[in-house]
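Next comes query.cif, a file with mmCIF, C-alpha atoms and all ligand atoms.
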data_input
#
loop_
_atom_site.label_atom_id
_atom_site.label_comp_id
_atom_site.auth_asym_id
_atom_site.auth_seq_id
_atom_site.Cartn_x
_atom_site.Cartn_y
_atom_site.Cartn_z
CA MET A 1 0.00 0.00 0.00
CA ASP A 2 1.52 3.34 -1.08
CA ARG A 3 -1.26 5.77 -0.15
CA ILE A 4 -4.17 6.07 2.24
CA LYS A 5 -6.88 8.62 3.03
CA VAL A 6 -8.47 8.85 6.47
CA PHE A 7 -11.19 10.91 8.17
CA SER A 8 -9.97 12.10 11.57
CA PRO A 9 -12.93 13.41 13.61
CA GLY A 10 -13.46 16.18 16.13
CA SER A 11 -13.66 15.48 19.85
CA ILE A 12 -14.90 17.16 22.99
CA THR A 13 -13.03 16.97 26.26
CA ASN A 14 -13.42 17.62 29.98
CA LEU A 15 -17.20 17.09 29.98
CA SER A 16 -17.30 19.43 32.98
CA CYS A 17 -16.41 16.78 35.58
CA GLY A 18 -13.25 15.33 33.99
CA TYR A 19 -10.79 18.16 33.37
CA ASP A 20 -7.95 16.92 31.14
CA VAL A 21 -9.03 13.27 31.52
CA LEU A 22 -12.37 12.70 29.74
CA GLY A 23 -12.77 12.79 25.96
CA VAL A 24 -15.54 11.96 23.49
CA CYS A 25 -15.04 11.16 19.81
CA LEU A 26 -17.56 12.91 17.54
CA GLU A 27 -18.98 11.83 14.19
CA ASN A 28 -19.23 15.25 12.61
CA ARG A 29 -16.52 17.65 11.56
CA GLY A 30 -13.00 16.39 11.01
CA ASP A 31 -9.87 16.52 8.87
CA GLU A 32 -9.40 14.45 5.73
CA ILE A 33 -5.79 13.37 5.65
CA GLU A 34 -4.08 11.74 2.69
CA VAL A 35 -0.64 10.20 3.10
CA HIS A 36 1.57 9.04 0.23
CA LYS A 37 4.80 7.08 0.57
CA SER A 38 7.66 8.99 -1.09
CA ILE A 39 11.02 7.75 -2.36
CA SER A 40 13.02 10.36 -0.44
CA LYS A 41 13.29 10.03 3.33
CA GLY A 42 11.57 12.56 5.60
CA ILE A 43 8.20 14.29 5.67
CA GLU A 44 6.49 16.91 3.55
CA ILE A 45 3.19 18.62 4.48
CA GLU A 46 0.55 20.40 2.48
CA SER A 47 -2.24 21.89 4.59
CA ILE A 48 -5.36 22.87 2.65
CA ASP A 49 -7.15 25.37 4.89
CA ASN A 50 -8.30 28.95 5.32
CA TYR A 51 -6.52 29.41 8.62
CA ASN A 52 -2.87 29.99 7.64
CA ILE A 53 -1.72 26.76 9.23
CA SER A 54 1.99 26.26 8.62
CA ASN A 55 3.28 23.62 6.19
CA ASN A 56 6.56 23.55 8.12
CA ILE A 57 7.03 20.07 9.60
CA ASP A 58 8.37 21.61 12.82
CA GLU A 59 5.30 23.86 13.25
CA ASN A 60 2.40 21.79 11.98
CA VAL A 61 1.30 19.27 14.63
CA ALA A 62 1.03 16.59 11.92
CA GLY A 63 4.75 16.99 11.18
CA ILE A 64 5.67 17.03 14.87
CA ALA A 65 3.71 13.83 15.60
CA ALA A 66 5.01 12.10 12.45
CA GLN A 67 8.61 12.96 13.29
CA ALA A 68 8.16 11.60 16.84
CA MET A 69 6.88 8.40 15.24
CA LEU A 70 9.61 8.02 12.63
CA LYS A 71 12.35 8.35 15.28
CA ASN A 72 11.20 4.91 16.44
CA ILE A 73 11.54 3.04 13.15
CA ASP A 74 14.31 2.63 10.59
CA ILE A 75 12.89 3.03 7.06
CA ASP A 76 14.43 4.19 3.78
CA PHE A 77 11.40 6.08 2.45
CA GLY A 78 9.37 9.10 3.52
CA PHE A 79 5.81 10.48 3.45
CA LYS A 80 3.86 13.32 1.88
CA ILE A 81 0.92 14.38 4.08
CA ILE A 82 -1.98 16.34 2.59
CA ILE A 83 -4.36 17.74 5.23
CA ASN A 84 -7.79 19.01 4.24
CA LYS A 85 -8.81 20.83 7.43
CA GLY A 86 -12.41 20.43 8.49
CA ILE A 87 -12.03 21.84 12.01
CA LYS A 88 -11.19 25.45 12.72
CA PRO A 89 -8.13 25.71 15.01
CA GLY A 90 -8.72 27.04 18.51
CA SER A 91 -12.38 26.05 18.58
CA GLY A 92 -12.38 23.56 21.47
CA ILE A 93 -13.25 20.49 19.41
CA GLY A 94 -9.74 19.19 18.92
CA SER A 95 -8.51 20.68 15.66
CA SER A 96 -4.83 20.02 16.30
CA ALA A 97 -5.56 16.56 17.76
CA ALA A 98 -7.44 15.56 14.59
CA SER A 99 -4.39 16.39 12.46
CA SER A 100 -1.75 14.78 14.66
CA ALA A 101 -3.71 11.62 15.50
CA GLY A 102 -5.05 11.21 11.95
CA THR A 103 -1.56 11.56 10.48
CA VAL A 104 0.16 9.00 12.70
CA TYR A 105 -2.80 6.63 12.30
CA ALA A 106 -2.54 6.88 8.50
CA ILE A 107 1.25 6.47 8.44
CA ASN A 108 0.94 3.45 10.73
CA GLN A 109 -1.40 1.81 8.21
CA LEU A 110 1.30 2.30 5.54
CA LEU A 111 3.77 0.70 7.98
CA ASN A 112 1.54 -2.40 8.32
CA SER A 113 0.44 -1.39 11.87
CA HIS A 114 3.99 -1.47 13.23
CA PHE A 115 2.88 0.61 16.26
CA ASP A 116 0.00 0.01 18.68
CA ASN A 117 -2.72 2.48 19.68
CA LEU A 118 -0.91 3.66 22.80
CA ASP A 119 2.21 4.41 20.72
CA LEU A 120 0.00 6.50 18.41
CA VAL A 121 -1.40 8.41 21.40
CA ARG A 122 2.15 9.05 22.64
CA PHE A 123 3.34 10.40 19.24
CA SER A 124 0.21 12.56 18.85
CA MET A 125 0.76 14.09 22.28
CA GLU A 126 3.98 15.67 20.97
CA GLY A 127 1.80 17.79 18.68
CA GLU A 128 -0.54 18.71 21.55
CA ASN A 129 2.43 19.72 23.69
CA PHE A 130 3.78 21.92 20.89
CA VAL A 131 0.56 23.94 20.47
CA SER A 132 -0.70 24.08 24.04
CA GLY A 133 2.51 23.97 26.08
CA SER A 134 1.60 20.80 27.97
CA TYR A 135 1.18 17.10 27.32
CA HIS A 136 -2.42 15.93 27.31
CA ALA A 137 -4.13 12.97 25.66
CA ASP A 138 -7.79 13.80 26.32
CA ASN A 139 -8.47 14.72 22.65
CA VAL A 140 -6.18 12.27 20.88
CA ALA A 141 -7.20 9.20 22.94
CA PRO A 142 -10.89 9.10 21.94
CA ILE A 143 -10.05 9.78 18.28
CA ILE A 144 -7.60 6.87 18.17
CA LEU A 145 -9.54 4.45 20.42
CA GLY A 146 -13.06 5.63 19.51
CA GLY A 147 -15.96 6.35 21.88
CA ILE A 148 -15.49 7.90 25.32
CA THR A 149 -12.12 7.59 27.04
CA LEU A 150 -10.63 8.32 30.43
CA VAL A 151 -6.91 9.10 30.61
CA ARG A 152 -5.79 7.87 34.03
CA SER A 153 -2.14 8.69 33.48
CA ILE A 154 -0.12 10.28 30.71
CA SER A 155 3.31 9.38 32.15
CA ASP A 156 2.79 5.63 31.97
CA LEU A 157 -0.08 5.99 29.44
CA ASP A 158 -3.05 4.32 31.06
CA ILE A 159 -6.22 4.91 29.04
CA ILE A 160 -9.60 3.34 29.70
CA LYS A 161 -12.28 3.07 27.02
CA LEU A 162 -15.69 3.65 28.64
CA PRO A 163 -19.10 2.56 27.35
CA SER A 164 -20.96 4.92 24.99
CA PRO A 165 -24.75 4.78 25.54
CA LYS A 166 -26.32 4.43 22.07
CA SER A 167 -28.91 7.17 22.60
CA LEU A 168 -26.41 9.75 23.87
CA GLU A 169 -26.10 12.82 21.63
CA VAL A 170 -23.88 15.87 21.78
CA ILE A 171 -25.07 19.29 20.63
CA ILE A 172 -22.18 21.61 19.76
CA ILE A 173 -22.40 25.38 19.46
CA ARG A 174 -19.21 27.15 18.43
CA PRO A 175 -19.34 30.94 18.66
CA ASN A 176 -17.14 32.20 15.86
CA ILE A 177 -14.16 33.42 17.89
CA GLU A 178 -10.79 31.73 18.42
CA ILE A 179 -9.49 30.80 21.87
CA LYS A 180 -5.99 29.36 21.93
CA THR A 181 -5.69 26.35 24.26
CA SER A 182 -2.54 27.90 25.72
CA ASP A 183 -4.47 31.14 26.64
CA SER A 184 -7.42 29.21 27.99
CA ARG A 185 -5.15 27.09 30.19
CA ARG A 186 -3.67 30.29 31.66
CA VAL A 187 -6.99 31.35 33.27
CA VAL A 188 -7.28 28.03 35.12
CA LYS A 189 -6.31 28.52 38.76
CA LYS A 190 -3.52 26.22 39.92
CA LYS A 191 -4.99 25.69 43.40
CA VAL A 192 -8.30 24.04 44.20
CA LYS A 193 -10.09 24.01 47.55
CA ILE A 194 -10.31 20.51 49.02
CA GLU A 195 -14.15 20.70 49.15
CA LYS A 196 -14.25 21.32 45.37
CA MET A 197 -11.80 18.48 44.75
CA VAL A 198 -14.07 16.15 46.74
CA GLN A 199 -17.16 17.23 44.79
CA GLN A 200 -15.36 16.89 41.45
CA SER A 201 -14.14 13.35 42.24
CA ALA A 202 -17.66 12.37 43.25
CA ASN A 203 -19.08 13.83 40.04
CA LEU A 204 -16.49 12.10 37.84
CA GLY A 205 -17.09 8.73 39.53
CA ALA A 206 -20.86 9.17 39.23
CA PHE A 207 -20.61 10.15 35.56
CA ILE A 208 -18.61 7.00 34.77
CA SER A 209 -21.17 4.92 36.65
CA SER A 210 -23.95 6.58 34.62
CA LEU A 211 -22.28 5.46 31.37
CA TYR A 212 -22.39 1.83 32.51
CA SER A 213 -25.92 1.98 33.93
CA GLU A 214 -27.29 4.39 31.28
CA ASP A 215 -28.79 6.35 34.17
CA PHE A 216 -29.30 9.70 32.44
CA ASP A 217 -30.62 11.43 35.58
CA LEU A 218 -27.38 10.58 37.34
CA MET A 219 -25.44 11.77 34.27
CA SER A 220 -27.33 15.05 34.40
CA ARG A 221 -26.46 15.57 38.09
CA SER A 222 -22.79 14.65 37.53
CA VAL A 223 -21.75 16.67 34.49
CA VAL A 224 -21.06 19.76 36.56
CA ASP A 225 -17.94 21.92 36.85
CA GLU A 226 -17.36 24.28 39.77
CA ILE A 227 -13.62 24.45 39.27
CA VAL A 228 -12.72 25.58 35.75
CA GLU A 229 -16.00 26.73 34.16
CA PRO A 230 -16.50 29.87 36.31
CA ASP A 231 -13.17 31.31 35.05
CA ARG A 232 -13.16 29.98 31.49
CA SER A 233 -16.76 30.88 30.72
CA MET A 234 -15.85 34.56 30.92
CA LEU A 235 -13.93 34.11 27.63
CA ILE A 236 -17.07 32.86 25.84
CA PRO A 237 -19.76 35.29 24.67
CA GLU A 238 -23.34 34.38 25.77
CA PHE A 239 -22.16 31.29 27.69
CA GLU A 240 -24.60 31.71 30.61
CA SER A 241 -27.58 32.35 28.28
CA ILE A 242 -26.71 29.33 26.11
CA LYS A 243 -26.44 27.13 29.20
CA LYS A 244 -29.77 28.37 30.56
CA ILE A 245 -31.57 27.92 27.24
CA SER A 246 -30.10 24.43 26.75
CA THR A 247 -31.13 23.17 30.18
CA GLU A 248 -34.58 24.75 29.90
CA SER A 249 -34.92 23.01 26.50
CA GLY A 250 -34.24 19.59 28.01
CA ALA A 251 -30.45 19.17 27.91
CA LEU A 252 -29.06 16.71 30.44
CA SER A 253 -26.23 19.18 30.98
CA CYS A 254 -24.28 21.92 29.26
CA GLY A 255 -20.68 23.10 29.60
CA ILE A 256 -17.51 24.22 27.84
CA SER A 257 -16.04 21.85 25.27
CA GLY A 258 -12.29 21.55 25.81
CA SER A 259 -10.77 24.98 26.20
CA GLY A 260 -13.70 26.65 24.39
CA PRO A 261 -15.24 28.61 22.80
CA SER A 262 -17.32 25.58 21.73
CA ILE A 263 -20.13 24.75 24.14
CA PHE A 264 -21.56 21.25 24.41
CA ALA A 265 -24.96 20.08 25.61
CA LEU A 266 -25.89 16.43 26.17
CA SER A 267 -29.18 14.78 25.35
CA ASN A 268 -30.48 11.22 25.12
CA ASN A 269 -33.26 11.94 22.64
CA SER A 270 -32.93 13.15 19.03
CA GLU A 271 -36.08 15.32 19.16
CA THR A 272 -34.81 17.07 22.30
CA SER A 273 -31.40 17.62 20.66
CA LYS A 274 -33.09 19.43 17.74
CA ILE A 275 -35.14 21.60 20.11
CA ILE A 276 -32.02 22.55 22.10
CA LEU A 277 -30.12 23.42 18.92
CA ASN A 278 -33.04 25.43 17.53
CA ASN A 279 -33.58 27.44 20.70
CA VAL A 280 -29.90 28.24 21.18
CA CYS A 281 -29.48 29.20 17.52
CA SER A 282 -32.54 31.53 17.64
CA HIS A 283 -30.99 33.27 20.63
CA LEU A 284 -27.59 33.68 18.94
CA ASP A 285 -29.29 35.00 15.78
CA LYS A 286 -31.17 37.51 17.94
CA VAL A 287 -28.01 38.78 19.66
CA LYS A 288 -26.18 38.71 16.29
CA ILE A 289 -23.39 36.31 17.20
CA ASP A 290 -21.92 34.29 14.35
CA TYR A 291 -21.62 30.56 15.13
CA ASP A 292 -21.34 27.04 13.80
CA SER A 293 -23.54 24.30 15.26
CA PHE A 294 -24.23 20.61 14.85
CA ILE A 295 -25.52 17.49 16.57
CA SER A 296 -23.41 14.35 16.81
CA LYS A 297 -23.79 10.87 18.21
CA VAL A 298 -20.77 9.44 20.02
CA ASN A 299 -18.47 7.92 17.37
CA PRO A 300 -17.54 4.48 18.71
CA LYS A 301 -14.89 3.71 16.09
CA GLY A 302 -12.71 6.85 15.88
CA ILE A 303 -10.54 7.54 12.84
CA LYS A 304 -11.98 6.00 9.68
CA ILE A 305 -10.14 4.80 6.57
CA LEU A 306 -11.76 6.43 3.51
CA ASP A 307 -9.71 4.85 0.72
P1 LIG A 401 -7.44 23.17 19.07
O1 LIG A 401 -7.92 22.75 20.41
O2 LIG A 401 -8.58 23.52 18.16
O3 LIG A 401 -6.48 22.22 18.48
P2 LIG A 401 -5.22 24.81 19.85
O4 LIG A 401 -5.21 26.22 20.32
O5 LIG A 401 -4.78 23.75 20.80
O6 LIG A 401 -6.67 24.53 19.29
O7 LIG A 401 -4.31 24.66 18.57
C1 LIG A 401 -4.44 25.55 17.54
C2 LIG A 401 -3.05 26.07 17.16
O8 LIG A 401 -2.29 24.99 16.62
C3 LIG A 401 -3.14 27.15 16.11
O9 LIG A 401 -2.22 28.17 16.45
C4 LIG A 401 -2.68 26.45 14.84
O10 LIG A 401 -2.02 27.30 13.93
C5 LIG A 401 -1.70 25.39 15.39
N1 LIG A 401 -1.60 24.21 14.50
C6 LIG A 401 -0.48 23.69 14.01
N2 LIG A 401 -0.73 22.65 13.22
C7 LIG A 401 -2.07 22.50 13.18
C8 LIG A 401 -2.93 21.61 12.51
N3 LIG A 401 -2.48 20.68 11.66
N4 LIG A 401 -4.25 21.73 12.74
C9 LIG A 401 -4.74 22.69 13.57
N5 LIG A 401 -3.96 23.58 14.22
C10 LIG A 401 -2.63 23.49 14.03
#

Starting from the coordinates I provided, produce the structure as structure tokens.
Amino acid sequence: MDRIKVFSPGSITNLSCGYDVLGVCLENRGDEIEVHKSISKGIEIESIDNYNISNNIDENVAGIAAQAMLKNIDIDFGFKIIINKGIKPGSGIGSSAASSAGTVYAINQLLNSHFDNLDLVRFSMEGENFVSGSYHADNVAPIILGGITLVRSISDLDIIKLPSPKSLEVIIIRPNIEIKTSDSRRVVKKKVKIEKMVQQSANLGAFISSLYSEDFDLMSRSVVDEIVEPDRSMLIPEFESIKKISTESGALSCGISGSGPSIFALSNNSETSKIILNNVCSHLDKVKIDYDSFISKVNPKGIKILD
């Protein structure tokens, strides 16, 4: 096999109660990444996008992840990577993760699956570290493993794939502004009161239990964030109104997706998801805020081979 094309989807992280550890793979929005084997060694990148993303292999996360990968294998050929971006950078639905994870996944296919999934997560994290200033696997893990994942540790890479209730849907609203993950991480306070830590651990445990039992009332009570959301939400226009409208329209919960500005709401009923989306969009139209919005089921498979 000399070429491959994959679809690398968007993802939401944190889910209010699992800062830096929970991630959900989405079905909608994503990068299409084509990789060709080339005769000359090394990597070449062509990014097709409207966002001025660099083609330099030391600046584009795809090049950074691919180089981390190729340090671990001795081959006498190289790769040309063509990225058709489908996710706006800095939107909180894992734009950089889609490129880095999709690229190493595609290259691995051309290497006859020489590396395992955890290796791919490790290589992709190099790209995440480059753009955000810290190692985190909460976006790349669900894209590579599919479904909903919990990253227990990034130092000895311990990732748990959780169940994805079939009826669970995610409604995404992305106000059209850019928030860099690195800026959004800066507003997060480094110290947490013990009482909040206790509540957050209880919520995270309860949320995980709700995935196994499909207890959506418990899920609704657990997807709560008293630690990061109060500070981060100030960066997002209309956050409080969107949250209020979503919950009044039947959302199980609503919070910030990743580092924002995307906002997620959860629902376990397609009709309710449409009502939530409609009501939030009418409000944003009224206050004249430009946005992108969509509804997605949880994607249980992750990155998909197109051809
Ligand atoms: P996101 O969470 O959407 O990935 P980040 O702020 O973490 O947002 O990353 C976006 C930054 O990463 C932008 O400055 C962008 O130029 C840079 N970047 C480098 N390579 C890529 C890529 N292939 N896809 C998306 N962003 C990239």

Shell around Gly260 (chain A) at 7 Å using all atoms listed in the file, local window under 3 positions removed, as a list in words
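Skipping anything fewer than 3 positions along the chain leaves Ser91, Gly92, Ile179, Ile256, Ser257 and Ile263 of chain A.
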
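Between CA of Ser11 (chain A) and atom C5 of ligand LIG 401 (chain A) the interatomic distance comes to 16.2 Å.
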
Set the distance at 8 Å and use only C-alpha atoms: which residues neighbour region 17-31 of chain A once local chain neighbours fewer than 3 positions away are removed? I'd like the list as a ChimeraX atom specification.
/A:7-14,83-87,95,98-99,102,136-139,141-143,146-152,200-201,203-204,207,222-225,294-300,302

Only C-alpha atoms, please: the residues just picked out, written as an mmCIF file, keeping the file's coordinate frame.
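Listed below is the output, selection-v9.cif:
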data_model
loop_
_atom_site.group_PDB
_atom_site.id
_atom_site.type_symbol
_atom_site.label_atom_id
_atom_site.label_comp_id
_atom_site.auth_asym_id
_atom_site.auth_seq_id
_atom_site.Cartn_x
_atom_site.Cartn_y
_atom_site.Cartn_z
ATOM 1 C CA PHE A 7 -11.190 10.910 8.170
ATOM 2 C CA SER A 8 -9.970 12.100 11.570
ATOM 3 C CA PRO A 9 -12.930 13.410 13.610
ATOM 4 C CA GLY A 10 -13.460 16.180 16.130
ATOM 5 C CA SER A 11 -13.660 15.480 19.850
ATOM 6 C CA ILE A 12 -14.900 17.160 22.990
ATOM 7 C CA THR A 13 -13.030 16.970 26.260
ATOM 8 C CA ASN A 14 -13.420 17.620 29.980
ATOM 9 C CA ILE A 83 -4.360 17.740 5.230
ATOM 10 C CA ASN A 84 -7.790 19.010 4.240
ATOM 11 C CA LYS A 85 -8.810 20.830 7.430
ATOM 12 C CA GLY A 86 -12.410 20.430 8.490
ATOM 13 C CA ILE A 87 -12.030 21.840 12.010
ATOM 14 C CA SER A 95 -8.510 20.680 15.660
ATOM 15 C CA ALA A 98 -7.440 15.560 14.590
ATOM 16 C CA SER A 99 -4.390 16.390 12.460
ATOM 17 C CA GLY A 102 -5.050 11.210 11.950
ATOM 18 C CA HIS A 136 -2.420 15.930 27.310
ATOM 19 C CA ALA A 137 -4.130 12.970 25.660
ATOM 20 C CA ASP A 138 -7.790 13.800 26.320
ATOM 21 C CA ASN A 139 -8.470 14.720 22.650
ATOM 22 C CA ALA A 141 -7.200 9.200 22.940
ATOM 23 C CA PRO A 142 -10.890 9.100 21.940
ATOM 24 C CA ILE A 143 -10.050 9.780 18.280
ATOM 25 C CA GLY A 146 -13.060 5.630 19.510
ATOM 26 C CA GLY A 147 -15.960 6.350 21.880
ATOM 27 C CA ILE A 148 -15.490 7.900 25.320
ATOM 28 C CA THR A 149 -12.120 7.590 27.040
ATOM 29 C CA LEU A 150 -10.630 8.320 30.430
ATOM 30 C CA VAL A 151 -6.910 9.100 30.610
ATOM 31 C CA ARG A 152 -5.790 7.870 34.030
ATOM 32 C CA GLN A 200 -15.360 16.890 41.450
ATOM 33 C CA SER A 201 -14.140 13.350 42.240
ATOM 34 C CA ASN A 203 -19.080 13.830 40.040
ATOM 35 C CA LEU A 204 -16.490 12.100 37.840
ATOM 36 C CA PHE A 207 -20.610 10.150 35.560
ATOM 37 C CA SER A 222 -22.790 14.650 37.530
ATOM 38 C CA VAL A 223 -21.750 16.670 34.490
ATOM 39 C CA VAL A 224 -21.060 19.760 36.560
ATOM 40 C CA ASP A 225 -17.940 21.920 36.850
ATOM 41 C CA PHE A 294 -24.230 20.610 14.850
ATOM 42 C CA ILE A 295 -25.520 17.490 16.570
ATOM 43 C CA SER A 296 -23.410 14.350 16.810
ATOM 44 C CA LYS A 297 -23.790 10.870 18.210
ATOM 45 C CA VAL A 298 -20.770 9.440 20.020
ATOM 46 C CA ASN A 299 -18.470 7.920 17.370
ATOM 47 C CA PRO A 300 -17.540 4.480 18.710
ATOM 48 C CA GLY A 302 -12.710 6.850 15.880
#

Would you work out the distance separating CA of Val228 (chain A) from CA of Val188 (chain A), expressed in Å to one decimal?
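These atoms are spaced 6.0 Å apart.
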
Please list as JSON, numbers by chain every residue within 12 Å of His36 (chain A), counting all atoms listed in the file and excluding residues in the same chain fewer than 2 positions away.
{"A": [1, 2, 3, 4, 5, 6, 33, 34, 38, 39, 40, 42, 43, 44, 45, 46, 77, 78, 79, 80, 81, 82, 83, 103, 106, 107, 108, 109, 110, 111]}

Determine, counting all atoms listed in the file, which protein, DNA and RNA residues have an atom within 8 Å of an atom of Leu266 (chain A); residues of the same chain fewer than 6 positions away are not included. Present the result as a list in words.
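Here the answer would be Leu168, Glu169, Val170, Ile171, Ala251, Leu252, Ser253, Cys254 and Ser273 of chain A.
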
Neighbouring residues of ligand LIG 401 (chain A) are defined here as those with any atom at most 6 Å from a ligand atom, counting all atoms listed in the file; list them as a PDB file with C-alpha atoms, keeping the file's coordinate frame.
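Okay, this is what ended up in result.pdb:
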ATOM      1  CA  ILE A  53      -1.720  26.760   9.230  1.00  0.00           C
ATOM      2  CA  GLU A  59       5.300  23.860  13.250  1.00  0.00           C
ATOM      3  CA  ASN A  60       2.400  21.790  11.980  1.00  0.00           C
ATOM      4  CA  VAL A  61       1.300  19.270  14.630  1.00  0.00           C
ATOM      5  CA  ALA A  62       1.030  16.590  11.920  1.00  0.00           C
ATOM      6  CA  PRO A  89      -8.130  25.710  15.010  1.00  0.00           C
ATOM      7  CA  GLY A  90      -8.720  27.040  18.510  1.00  0.00           C
ATOM      8  CA  SER A  91     -12.380  26.050  18.580  1.00  0.00           C
ATOM      9  CA  GLY A  92     -12.380  23.560  21.470  1.00  0.00           C
ATOM     10  CA  ILE A  93     -13.250  20.490  19.410  1.00  0.00           C
ATOM     11  CA  GLY A  94      -9.740  19.190  18.920  1.00  0.00           C
ATOM     12  CA  SER A  95      -8.510  20.680  15.660  1.00  0.00           C
ATOM     13  CA  SER A  96      -4.830  20.020  16.300  1.00  0.00           C
ATOM     14  CA  ALA A  97      -5.560  16.560  17.760  1.00  0.00           C
ATOM     15  CA  SER A  99      -4.390  16.390  12.460  1.00  0.00           C
ATOM     16  CA  VAL A 131       0.560  23.940  20.470  1.00  0.00           C
ATOM     17  CA  SER A 132      -0.700  24.080  24.040  1.00  0.00           C
ATOM     18  CA  LYS A 180      -5.990  29.360  21.930  1.00  0.00           C
ATOM     19  CA  THR A 181      -5.690  26.350  24.260  1.00  0.00           C
TER      20      THR A 181
END

Using only the atoms of region 141-152 of chain A listed in the file, plus 8 Å on each side, state the axis-aligned box centre and edge lengths in Å rounded to one decimal, as AutoDock Vina command-line options.
--center_x -10.9 --center_y 7.1 --center_z 26.1 --size_x 26.2 --size_y 21.3 --size_z 31.9

Find the residues around Asn176 (chain A) up to 7 Å (only C-alpha atoms counted), leave out those fewer than 5 positions away in its own chain, and share them as a short mmCIF file (atom, residue, chain, number, x, y, z; two decimals) with C-alpha atoms, in the coordinates of the input.
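Contents of the output file selection06.cif:
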data_model
loop_
_atom_site.label_atom_id
_atom_site.label_comp_id
_atom_site.auth_asym_id
_atom_site.auth_seq_id
_atom_site.Cartn_x
_atom_site.Cartn_y
_atom_site.Cartn_z
CA ASP A 290 -21.92 34.29 14.35
CA TYR A 291 -21.62 30.56 15.13
CA ASP A 292 -21.34 27.04 13.80
#

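The space between CA of Ser16 (chain A) and CA of Lys88 (chain A) spans 22.0 Å.
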
Determine the nearest neighbour of Lys191 (chain A) from the options A:Asp285, A:Glu178, A:Ser213, A:Ile227, counting all atoms listed in the file.
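So, comparing all the options, the nearest one is A:Ile227.
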